[in-house]
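**Student:** Sharing run_4.tsv below, TSV, C-alpha atoms:
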```tsv
chain	number	residue	atom	x	y	z
X	93	MET	CA	47.00	149.85	104.38
X	94	THR	CA	44.52	152.52	105.37
X	95	GLY	CA	44.13	156.04	104.10
X	96	ARG	CA	45.83	157.23	100.95
X	97	ILE	CA	48.23	154.99	99.06
X	98	ASP	CA	51.78	156.29	98.91
X	99	SER	CA	52.04	156.48	95.10
X	100	ALA	CA	55.72	157.42	95.02
X	101	GLY	CA	56.59	154.73	97.56
X	102	LEU	CA	54.65	152.12	95.58
X	103	SER	CA	56.41	153.12	92.36
X	104	GLY	CA	59.81	152.92	94.02
X	105	MET	CA	59.06	149.53	95.53
X	106	VAL	CA	57.80	148.00	92.28
X	107	GLY	CA	60.70	149.50	90.33
X	108	ALA	CA	63.31	148.16	92.76
X	109	LEU	CA	61.79	144.67	92.81
X	110	THR	CA	61.43	144.61	89.03
X	111	GLU	CA	65.14	145.38	88.71
X	112	ALA	CA	66.09	142.87	91.40
X	113	HIS	CA	64.27	140.05	89.60
X	114	GLY	CA	65.76	140.87	86.19
X	115	VAL	CA	62.37	141.77	84.71
X	116	PRO	CA	62.56	144.27	81.82
X	117	GLY	CA	59.28	146.02	82.59
X	118	ALA	CA	56.14	145.83	84.69
X	119	GLN	CA	52.90	147.52	85.64
X	120	PHE	CA	51.12	147.36	88.98
X	121	THR	CA	47.70	148.89	89.57
X	122	VAL	CA	45.68	148.81	92.77
X	123	LEU	CA	42.21	150.07	93.65
X	124	HIS	CA	41.90	150.36	97.42
X	125	GLU	CA	39.38	152.29	99.51
X	126	GLY	CA	38.22	154.12	96.39
X	127	GLU	CA	41.70	155.26	95.37
X	128	LEU	CA	43.27	154.04	92.12
X	129	VAL	CA	47.06	154.06	91.77
X	130	ALA	CA	48.88	152.81	88.65
X	131	VAL	CA	52.63	152.23	88.40
X	132	ALA	CA	54.59	151.52	85.20
X	133	VAL	CA	58.34	150.82	85.21
X	134	GLY	CA	61.08	149.58	82.88
X	135	GLU	CA	61.08	148.74	79.19
X	136	ALA	CA	58.48	147.12	76.96
X	137	GLU	CA	61.37	145.26	75.31
X	138	HIS	CA	64.82	144.88	76.83
X	139	GLY	CA	67.34	147.27	75.29
X	140	SER	CA	64.77	148.96	73.05
X	141	GLY	CA	64.46	152.18	75.04
X	142	ARG	CA	60.69	151.82	74.65
X	143	PRO	CA	59.29	152.56	78.10
X	144	VAL	CA	56.44	150.74	79.79
X	145	THR	CA	53.68	153.31	80.03
X	146	PRO	CA	50.25	152.77	81.65
X	147	ASP	CA	48.65	152.07	78.25
X	148	VAL	CA	51.09	149.37	77.09
X	149	ALA	CA	49.31	146.02	76.84
X	150	PHE	CA	50.92	142.79	78.05
X	151	PRO	CA	49.98	139.30	76.83
X	152	VAL	CA	48.01	138.19	79.92
X	153	GLY	CA	47.73	134.51	79.01
X	154	SER	CA	45.04	132.61	80.86
X	155	ILE	CA	43.55	135.72	82.45
X	156	GLY	CA	41.92	135.95	79.03
X	157	LYS	CA	39.70	133.07	80.17
X	158	THR	CA	38.06	135.42	82.68
X	159	PHE	CA	37.21	137.82	79.85
X	160	THR	CA	35.66	134.94	77.91
X	161	ALA	CA	33.78	133.82	81.03
X	162	ALA	CA	32.32	137.29	81.52
X	163	VAL	CA	31.14	137.36	77.89
X	164	VAL	CA	29.36	134.03	78.38
X	165	MET	CA	27.73	135.29	81.60
X	166	VAL	CA	26.42	138.36	79.75
X	167	LEU	CA	25.01	136.17	76.96
X	168	ALA	CA	23.34	133.96	79.56
X	169	ALA	CA	21.83	136.98	81.31
X	170	ASP	CA	20.46	138.18	77.95
X	171	GLY	CA	18.80	134.81	77.36
X	172	ASP	CA	21.02	133.87	74.41
X	173	LEU	CA	22.11	130.64	76.13
X	174	GLY	CA	21.43	128.67	79.27
X	175	LEU	CA	24.27	127.91	81.66
X	176	ASP	CA	22.86	124.42	82.23
X	177	ASP	CA	21.96	123.64	78.61
X	178	PRO	CA	24.05	121.05	76.75
X	179	VAL	CA	26.46	122.82	74.40
X	180	GLY	CA	25.29	120.46	71.68
X	181	GLU	CA	22.17	122.64	71.42
X	182	TYR	CA	24.34	125.53	70.21
X	183	VAL	CA	27.61	124.19	68.75
X	184	PRO	CA	26.93	121.99	65.69
X	185	GLU	CA	30.41	120.43	65.53
X	186	THR	CA	29.76	118.68	68.85
X	187	ALA	CA	26.70	116.84	67.53
X	188	GLY	CA	26.62	113.12	68.19
X	189	ARG	CA	29.67	113.18	70.44
X	190	PRO	CA	29.95	112.83	74.24
X	191	ILE	CA	31.25	116.41	74.43
X	192	ALA	CA	27.80	117.64	73.35
X	193	ALA	CA	26.43	116.92	76.84
X	194	VAL	CA	28.77	119.36	78.58
X	195	THR	CA	27.16	122.55	79.91
X	196	PRO	CA	28.54	126.11	79.92
X	197	ARG	CA	28.48	126.10	83.73
X	198	GLN	CA	30.72	123.01	83.77
X	199	LEU	CA	33.11	124.55	81.24
X	200	LEU	CA	33.35	127.77	83.23
X	201	SER	CA	34.29	125.82	86.38
X	202	HIS	CA	36.61	123.34	84.63
X	203	THR	CA	34.35	120.43	85.60
X	204	GLY	CA	33.29	119.61	82.04
X	205	GLY	CA	35.58	116.60	81.82
X	206	LEU	CA	37.48	117.89	78.78
X	207	GLU	CA	41.13	117.13	78.14
X	208	SER	CA	43.48	120.03	78.75
X	209	GLY	CA	43.68	120.71	75.06
X	210	PRO	CA	44.86	119.22	71.76
X	211	GLU	CA	47.37	121.17	69.72
X	212	GLY	CA	45.90	124.36	68.32
X	213	GLY	CA	45.18	125.04	64.68
X	214	PRO	CA	43.74	127.62	62.32
X	215	SER	CA	40.17	127.56	63.65
X	216	MET	CA	38.18	127.11	66.84
X	217	ARG	CA	35.80	124.85	64.95
X	218	GLY	CA	38.64	122.48	64.06
X	219	LEU	CA	39.99	122.39	67.61
X	220	VAL	CA	36.51	121.70	69.03
X	221	GLU	CA	36.13	118.84	66.54
X	222	ARG	CA	39.34	117.25	67.88
X	223	THR	CA	38.65	117.74	71.60
X	224	GLY	CA	37.52	114.78	73.68
X	225	LEU	CA	36.55	113.96	77.24
X	226	ILE	CA	38.81	112.37	79.84
X	227	GLN	CA	35.94	111.78	82.26
X	228	PRO	CA	32.15	112.26	82.30
X	229	PRO	CA	30.98	115.88	82.68
X	230	GLY	CA	30.41	117.09	86.23
X	231	GLY	CA	33.28	115.11	87.79
X	232	ASP	CA	36.63	116.21	89.21
X	233	PHE	CA	38.09	119.63	88.49
X	234	SER	CA	40.50	119.55	85.55
X	235	TYR	CA	41.86	122.79	84.14
X	236	SER	CA	41.18	122.88	80.41
X	237	ASN	CA	42.19	125.34	77.72
X	238	ALA	CA	39.99	123.38	75.32
X	239	GLY	CA	36.98	124.04	77.51
X	240	PHE	CA	37.37	127.78	77.03
X	241	VAL	CA	37.89	127.37	73.31
X	242	LEU	CA	34.52	125.62	73.30
X	243	LEU	CA	33.02	128.53	75.26
X	244	GLY	CA	34.47	130.93	72.71
X	245	ARG	CA	32.96	128.90	69.90
X	246	LEU	CA	29.63	128.89	71.78
X	247	ALA	CA	29.74	132.70	71.91
X	248	GLU	CA	30.31	132.77	68.15
X	249	THR	CA	27.39	130.49	67.32
X	250	VAL	CA	24.83	132.32	69.47
X	251	THR	CA	25.85	135.85	68.40
X	252	GLY	CA	26.92	135.36	64.78
X	253	MET	CA	30.09	137.32	65.61
X	254	SER	CA	33.66	136.12	65.90
X	255	TRP	CA	35.00	135.66	69.43
X	256	PHE	CA	37.16	138.75	68.87
X	257	GLU	CA	34.10	140.83	67.96
X	258	CYS	CA	32.17	139.39	70.92
X	259	VAL	CA	34.78	140.23	73.53
X	260	GLU	CA	35.38	143.69	72.07
X	261	SER	CA	31.73	144.75	71.74
X	262	ILE	CA	30.29	143.01	74.82
X	263	LEU	CA	33.12	143.62	77.29
X	264	LEU	CA	36.21	145.58	76.26
X	265	ARG	CA	34.59	148.70	74.82
X	266	PRO	CA	32.00	149.00	77.62
X	267	LEU	CA	34.84	148.76	80.15
X	268	GLY	CA	36.82	151.44	78.33
X	269	ILE	CA	39.56	148.98	77.36
X	270	ALA	CA	41.24	149.50	73.99
X	271	PRO	CA	41.39	146.03	72.41
X	272	ALA	CA	44.73	144.32	71.83
X	273	PHE	CA	45.37	140.69	70.90
X	274	VAL	CA	48.50	138.62	70.44
X	275	VAL	CA	46.90	136.68	67.60
X	276	GLY	CA	44.05	137.63	65.28
X	277	PRO	CA	42.96	141.19	64.47
X	278	ARG	CA	45.75	143.75	64.44
X	279	THR	CA	45.31	146.82	66.61
X	280	ALA	CA	47.31	150.01	66.98
X	281	ARG	CA	47.82	149.55	70.71
X	282	PRO	CA	51.43	148.92	71.81
X	283	VAL	CA	52.08	145.42	73.19
X	284	ALA	CA	55.02	144.50	75.40
X	285	THR	CA	57.44	141.78	74.29
X	286	GLY	CA	57.82	138.68	76.44
X	287	HIS	CA	61.27	137.56	77.59
X	288	ALA	CA	62.93	134.37	78.73
X	289	GLY	CA	64.66	135.80	81.78
X	290	ARG	CA	65.69	139.40	81.20
X	291	ALA	CA	67.45	139.68	77.88
X	292	ARG	CA	66.04	137.15	75.41
X	293	PRO	CA	62.84	138.28	73.65
X	294	VAL	CA	60.36	135.53	72.74
X	295	THR	CA	57.38	135.46	70.43
X	296	GLN	CA	53.84	134.53	71.43
X	297	ASN	CA	52.99	131.03	70.19
X	298	ILE	CA	49.27	130.85	70.93
X	299	THR	CA	47.29	129.85	67.83
X	300	LEU	CA	44.19	131.48	66.41
X	301	ALA	CA	42.12	128.46	67.48
X	302	GLU	CA	43.13	128.94	71.12
X	303	ALA	CA	42.29	132.65	71.26
X	304	PRO	CA	39.42	132.46	73.83
X	305	ALA	CA	41.79	130.75	76.28
X	306	GLY	CA	44.57	133.33	76.16
X	307	ALA	CA	44.90	135.78	73.25
X	308	ILE	CA	44.10	139.02	75.07
X	309	ALA	CA	46.75	141.64	75.80
X	310	ALA	CA	45.92	144.15	78.52
X	311	SER	CA	47.48	146.55	81.00
X	312	ALA	CA	47.35	146.17	84.76
X	313	SER	CA	44.80	149.01	84.82
X	314	ASP	CA	42.65	147.12	82.29
X	315	LEU	CA	42.73	144.09	84.58
X	316	VAL	CA	41.66	146.24	87.51
X	317	ALA	CA	38.75	147.55	85.42
X	318	LEU	CA	37.73	143.94	84.78
X	319	GLY	CA	38.14	143.11	88.46
X	320	ARG	CA	36.02	146.09	89.49
X	321	MET	CA	33.24	144.82	87.23
X	322	LEU	CA	33.52	141.39	88.88
X	323	VAL	CA	32.78	143.06	92.22
X	324	ASP	CA	29.78	145.25	91.36
X	325	GLY	CA	28.80	144.28	87.80
X	326	GLY	CA	29.91	147.60	86.34
X	327	GLY	CA	26.64	148.04	84.48
X	328	ILE	CA	27.59	145.06	82.29
X	329	LEU	CA	26.75	142.18	84.62
X	330	SER	CA	24.17	142.22	87.35
X	331	HIS	CA	25.56	142.35	90.87
X	332	GLU	CA	24.15	138.84	91.40
X	333	ASP	CA	25.85	137.42	88.28
X	334	ALA	CA	29.16	138.91	89.39
X	335	ARG	CA	28.66	137.25	92.77
X	336	ARG	CA	27.86	133.91	91.10
X	337	MET	CA	31.16	133.99	89.23
X	338	ARG	CA	32.96	134.30	92.58
X	339	GLN	CA	31.16	131.42	94.32
X	340	PRO	CA	33.11	128.15	94.75
X	341	VAL	CA	32.06	125.28	92.50
X	342	ALA	CA	35.02	122.90	92.58
X	343	ASP	CA	38.12	122.04	94.60
X	344	ALA	CA	41.06	123.29	92.52
X	345	PHE	CA	44.06	121.79	94.31
X	346	GLY	CA	47.32	122.64	92.56
X	347	LEU	CA	46.08	125.99	91.27
X	348	ALA	CA	43.90	127.66	93.92
X	349	ASP	CA	41.73	126.92	96.95
X	350	ALA	CA	38.66	126.51	94.74
X	351	TRP	CA	37.20	127.55	91.40
X	352	GLY	CA	34.10	129.51	90.52
X	353	LEU	CA	32.73	130.44	87.09
X	354	GLY	CA	35.83	131.64	85.26
X	355	LEU	CA	37.59	132.70	88.46
X	356	ALA	CA	40.08	131.12	90.84
X	357	LEU	CA	39.36	131.55	94.54
X	358	PHE	CA	42.04	132.26	97.14
X	359	GLY	CA	40.31	132.27	100.51
X	360	THR	CA	37.87	135.19	100.38
X	361	TRP	CA	39.63	136.67	97.32
X	362	ALA	CA	39.01	135.86	93.66
X	363	GLY	CA	41.20	136.28	90.61
X	364	HIS	CA	43.21	134.54	87.91
X	365	ASP	CA	46.85	134.08	86.94
X	366	GLY	CA	48.15	134.16	83.40
X	367	THR	CA	51.39	133.37	81.62
X	368	GLY	CA	52.01	134.21	78.01
X	369	ASP	CA	55.28	133.34	76.35
X	370	GLY	CA	57.73	135.24	78.54
X	371	THR	CA	55.06	137.17	80.46
X	372	TRP	CA	53.62	136.75	83.96
X	373	CYS	CA	50.40	138.43	85.11
X	374	GLN	CA	48.09	138.31	88.13
X	375	LEU	CA	44.65	139.64	89.07
X	376	ARG	CA	43.27	139.64	92.63
X	377	ILE	CA	39.86	140.82	93.82
X	378	ASP	CA	38.60	141.33	97.37
X	379	PRO	CA	34.81	141.64	97.00
X	380	ASP	CA	34.32	142.42	100.69
X	381	ARG	CA	36.37	145.64	100.60
X	382	GLY	CA	36.28	146.34	96.88
X	383	THR	CA	40.06	146.10	96.62
X	384	VAL	CA	41.42	145.04	93.21
X	385	ALA	CA	45.12	144.60	92.35
X	386	ALA	CA	46.90	143.51	89.18
X	387	LEU	CA	50.47	142.96	88.06
X	388	THR	CA	51.67	142.59	84.48
X	389	CYS	CA	55.30	141.95	83.55
X	390	ASN	CA	57.27	140.79	80.54
X	391	SER	CA	59.55	138.08	81.90
X	392	SER	CA	59.41	134.43	82.80
X	393	ALA	CA	60.89	135.55	86.15
X	394	GLY	CA	57.60	137.22	87.04
X	395	ALA	CA	56.53	134.65	89.62
X	396	GLY	CA	59.21	135.76	92.05
X	397	LEU	CA	58.42	139.41	91.35
X	398	TRP	CA	54.75	138.87	92.19
X	399	ASP	CA	55.56	137.01	95.41
X	400	ASP	CA	57.84	139.82	96.57
X	401	VAL	CA	55.42	142.60	95.59
X	402	VAL	CA	52.57	141.07	97.60
X	403	ALA	CA	54.90	140.27	100.51
X	404	GLU	CA	55.97	143.92	100.65
X	405	LEU	CA	52.39	145.13	100.38
X	406	GLY	CA	51.49	142.84	103.27
X	407	ARG	CA	54.18	144.47	105.38
X	408	ARG	CA	52.64	147.82	104.47
X	409	GLY	CA	49.20	146.74	105.66
X	410	LEU	CA	47.61	145.49	102.42
X	411	PRO	CA	47.62	141.67	102.46
X	412	ILE	CA	46.97	140.10	99.05
X	413	PRO	CA	47.06	136.33	98.47
X	414	SER	CA	49.87	135.41	96.10
X	415	GLY	CA	48.44	132.01	95.15
X	416	SER	CA	52.03	130.79	94.98
X	417	LEU	CA	52.70	127.04	95.10
X	418	THR	CA	56.11	127.55	96.74
X	419	ALA	CA	54.80	126.85	100.28
X	420	VAL	CA	55.86	123.19	100.38
X	421	PRO	CA	54.90	121.20	103.51
X	422	ASP	CA	57.71	120.30	105.90
X	423	VAL	CA	56.42	116.76	106.46
X	424	VAL	CA	57.89	114.31	103.94
X	425	LEU	CA	56.38	110.83	103.69
X	426	PRO	CA	57.31	107.61	101.88
X	427	PRO	CA	55.54	107.07	98.56
X	428	PRO	CA	52.05	105.56	98.94
X	429	ASP	CA	51.17	102.14	97.59
X	430	GLY	CA	50.55	102.06	93.85
X	431	TRP	CA	51.94	105.52	93.20
X	432	SER	CA	54.19	104.88	90.19
X	433	GLY	CA	52.94	104.46	86.65
X	434	SER	CA	51.63	106.32	83.64
X	435	PHE	CA	48.77	108.83	83.72
X	436	HIS	CA	47.13	110.47	80.70
X	437	ASN	CA	45.21	113.66	79.92
X	438	GLY	CA	44.30	113.42	76.24
X	439	ASP	CA	47.57	113.05	74.34
X	440	THR	CA	49.68	114.22	77.30
X	441	GLU	CA	51.39	111.53	79.37
X	442	TYR	CA	52.58	112.11	82.93
X	443	SER	CA	54.73	109.32	84.31
X	444	ILE	CA	56.18	108.67	87.76
X	445	SER	CA	59.03	106.18	87.91
X	446	ALA	CA	60.19	104.01	90.79
X	447	ASP	CA	63.25	106.26	91.22
X	448	MET	CA	61.00	109.30	91.93
X	449	VAL	CA	61.37	110.92	88.50
X	450	PHE	CA	58.36	112.82	87.16
X	451	ALA	CA	58.26	112.99	83.34
X	452	VAL	CA	55.97	114.62	80.78
X	453	ASP	CA	55.65	112.86	77.43
X	454	GLY	CA	58.74	110.83	78.26
X	455	GLU	CA	60.93	113.84	79.14
X	456	PRO	CA	62.14	113.95	82.77
X	457	GLN	CA	60.97	117.22	84.31
X	458	ALA	CA	61.25	117.02	88.08
X	459	MET	CA	61.87	114.93	91.18
X	460	ILE	CA	58.77	114.06	93.19
X	461	THR	CA	58.37	114.22	96.98
X	462	PHE	CA	55.28	112.98	98.81
X	463	HIS	CA	53.50	114.69	101.70
X	464	GLU	CA	50.39	114.10	103.78
X	465	GLY	CA	47.04	113.35	102.15
X	466	LEU	CA	48.61	111.74	99.05
X	467	THR	CA	49.86	115.18	97.95
X	468	PHE	CA	53.23	115.75	96.33
X	469	SER	CA	55.66	118.48	95.36
X	470	LEU	CA	57.87	118.65	92.27
X	471	ARG	CA	61.43	120.01	92.17
X	472	ASP	CA	62.16	121.25	88.65
X	473	ASN	CA	65.29	119.71	87.15
X	474	GLN	CA	66.44	122.94	85.51
X	475	SER	CA	65.50	125.73	87.91
X	476	GLY	CA	65.58	123.74	91.15
X	477	GLN	CA	62.31	125.37	92.19
X	478	GLN	CA	60.03	123.15	94.24
X	479	LEU	CA	56.27	123.56	93.88
X	480	TYR	CA	53.45	121.98	95.87
X	481	ALA	CA	51.61	121.10	92.70
X	482	GLY	CA	49.97	117.69	92.80
X	483	ARG	CA	48.08	114.93	94.52
X	484	CYS	CA	47.08	111.32	93.92
X	485	LEU	CA	43.41	110.36	93.96
X	486	VAL	CA	42.00	107.00	94.98
X	487	SER	CA	39.21	105.08	93.27
X	488	PRO	CA	36.27	104.62	95.69
X	489	GLU	CA	35.59	101.23	94.08
X	490	THR	CA	39.08	99.69	94.25
X	491	GLY	CA	40.79	101.76	96.94
X	492	LYS	CA	43.78	102.15	94.58
X	493	ILE	CA	45.32	105.27	93.05
X	494	ASP	CA	43.69	105.67	89.65
X	495	ARG	CA	44.32	109.34	88.79
X	496	ILE	CA	46.46	112.34	89.70
X	497	HIS	CA	46.11	116.12	89.69
X	498	VAL	CA	49.15	118.04	88.40
X	499	ASN	CA	48.88	121.84	88.36
X	500	GLY	CA	45.12	121.41	88.32
X	501	ARG	CA	45.10	118.99	85.36
X	502	LEU	CA	43.55	115.59	85.91
X	503	ALA	CA	45.32	112.55	84.44
X	504	LEU	CA	43.98	109.01	84.51
X	505	ALA	CA	46.06	105.91	85.23
X	506	ARG	CA	47.04	103.68	82.34
X	507	ARG	CA	48.84	100.63	83.61
```
As structure tokens - that is how I would like this structure written.
**Tutor:**
Amino acid sequence: MTGRIDSAGLSGMVGALTEAHGVPGAQFTVLHEGELVAVAVGEAEHGSGRPVTPDVAFPVGSIGKTFTAAVVMVLAADGDLGLDDPVGEYVPETAGRPIAAVTPRQLLSHTGGLESGPEGGPSMRGLVERTGLIQPPGGDFSYSNAGFVLLGRLAETVTGMSWFECVESILLRPLGIAPAFVVGPRTARPVATGHAGRARPVTQNITLAEAPAGAIAASASDLVALGRMLVDGGGILSHEDARRMRQPVADAFGLADAWGLGLALFGTWAGHDGTGDGTWCQLRIDPDRGTVAALTCNSSAGAGLWDDVVAELGRRGLPIPSGSLTAVPDVVLPPPDGWSGSFHNGDTEYSISADMVFAVDGEPQAMITFHEGLTFSLRDNQSGQQLYAGRCLVSPETGKIDRIHVNGRLALARR
């Protein structure tokens, strides 16, 4: 897509696809070749008559981790913390525990070895006290909500502010973003309601303790403002620190091509995906051309909407990586030796039975199919959707499968 963006055509396309996917409302904003175009369609809550306007905030789920990451990078640049210092030097509730040795850099890249996350509670301090390691720091990539709760707690201890105050004063206000949260401080900004499918509204279940991992609500234009800063620093980060966040640190199979410091990497693009309860949001950044695009929508059907929006943009000359896991390999292989069993990430159990059933905490979820390189796809029992979401990993000492990655989460064999 060169030259001016066809604003009316973009609005019509997003509106038609939003309707086709049964999504109540959506926003799409793109910055391309210096031109910013924002589209808002549908309703903030199905049947309410309340329109989605450009200022309506959507619960953006895990994209909130990128906001937290940027706050930590600013604090590091100011000398308030060191990215390679043990967090035990700053967070007293980690004292005397293995988790104290983890560094902010490892937490930002999901290589800190933390479990995905214990159940939330009333405070970050309490959740940090209950979080443990599943492997030594600096090992395999393992996506962790708990790791970003620890980063949020780190920001609190070094600034003396709450995480909410940190993210508002250090990042949101300087970016011109009116704060909105789905838990914690109340704000006057309108927030869209999430939906299961099209018609059933759902409430946001994130707890106060988990706020740094996913409590932010934002518009697509807010996400583009964040993305723009992650290209040039925006006067908040140095250009070099923004570049560091986009550099690959770890292989992130099952979520993205690689992971940087708070950012997923899709080829030469960076970004993050986020799902709240009944919301689906994406951010993509092309640092080479300065293109930034973001989608927010208020339905669990948002994955298909995103895939179709980026497919249509590609046909119009603006290719954007979807990051979708729906591209399942054609080659199907027999199960490898030693593939069945029980695998654990903290209190979460993933099990693979001899009849190819994949279960989570004893509940059958999907049927498993194996592909080349010990990778596998999962066909969801309810939706029928098949995702290329996992792989088995082999111990270099024994030559046997001793862990798996599922949607980026590492789980260790327990036989």
**Student:** Considering all atoms listed in the file, state which residue in the set X:Met216, X:Leu246, X:Gln477, X:Gly209 is at the smallest distance from X:Pro178.
**Tutor:**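 Closest residue, counting all atoms listed in the file: X:Leu246.
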**Student:** Quick one: residues within 12 Å of X:Ser416, only C-alpha atoms, excluding same-chain residues fewer than 4 positions away - as a PyMOL selection string?
**Tutor:** chain X and resi 346-349+358+364-365+374+394-400+402-403+412+420+477-481+499
**Student:** When you look at X:Ser434 with a cut-off of 8 Å (counting only C-alpha atoms), what residues show up, excluding the ones that are within fewer than 3 positions of it in the same chain? I need them as an MDAnalysis selection string.
**Tutor:** chainID X and resid 441:444 505:507
**Student:** Of the candidates X:Ala169, X:Gly454, X:Leu504, X:Ile328, which one gets nearest to X:Ser261 if we count all atoms listed in the file?
**Tutor:** X:Ile328
**Student:** Got a sec: who's within 9 Å of X:Leu329, counting only C-alpha atoms, leaving out chain neighbours fewer than 6 positions off, as a list of chain:residue names?
**Tutor:** X:Ala162, X:Met165, X:Val166, X:Ala169, X:Met321, X:Leu322
**Student:** So how far away is atom CA of X:Pro379 from atom CA of X:Ala362, in Å?
**Tutor:** 7.9 Å
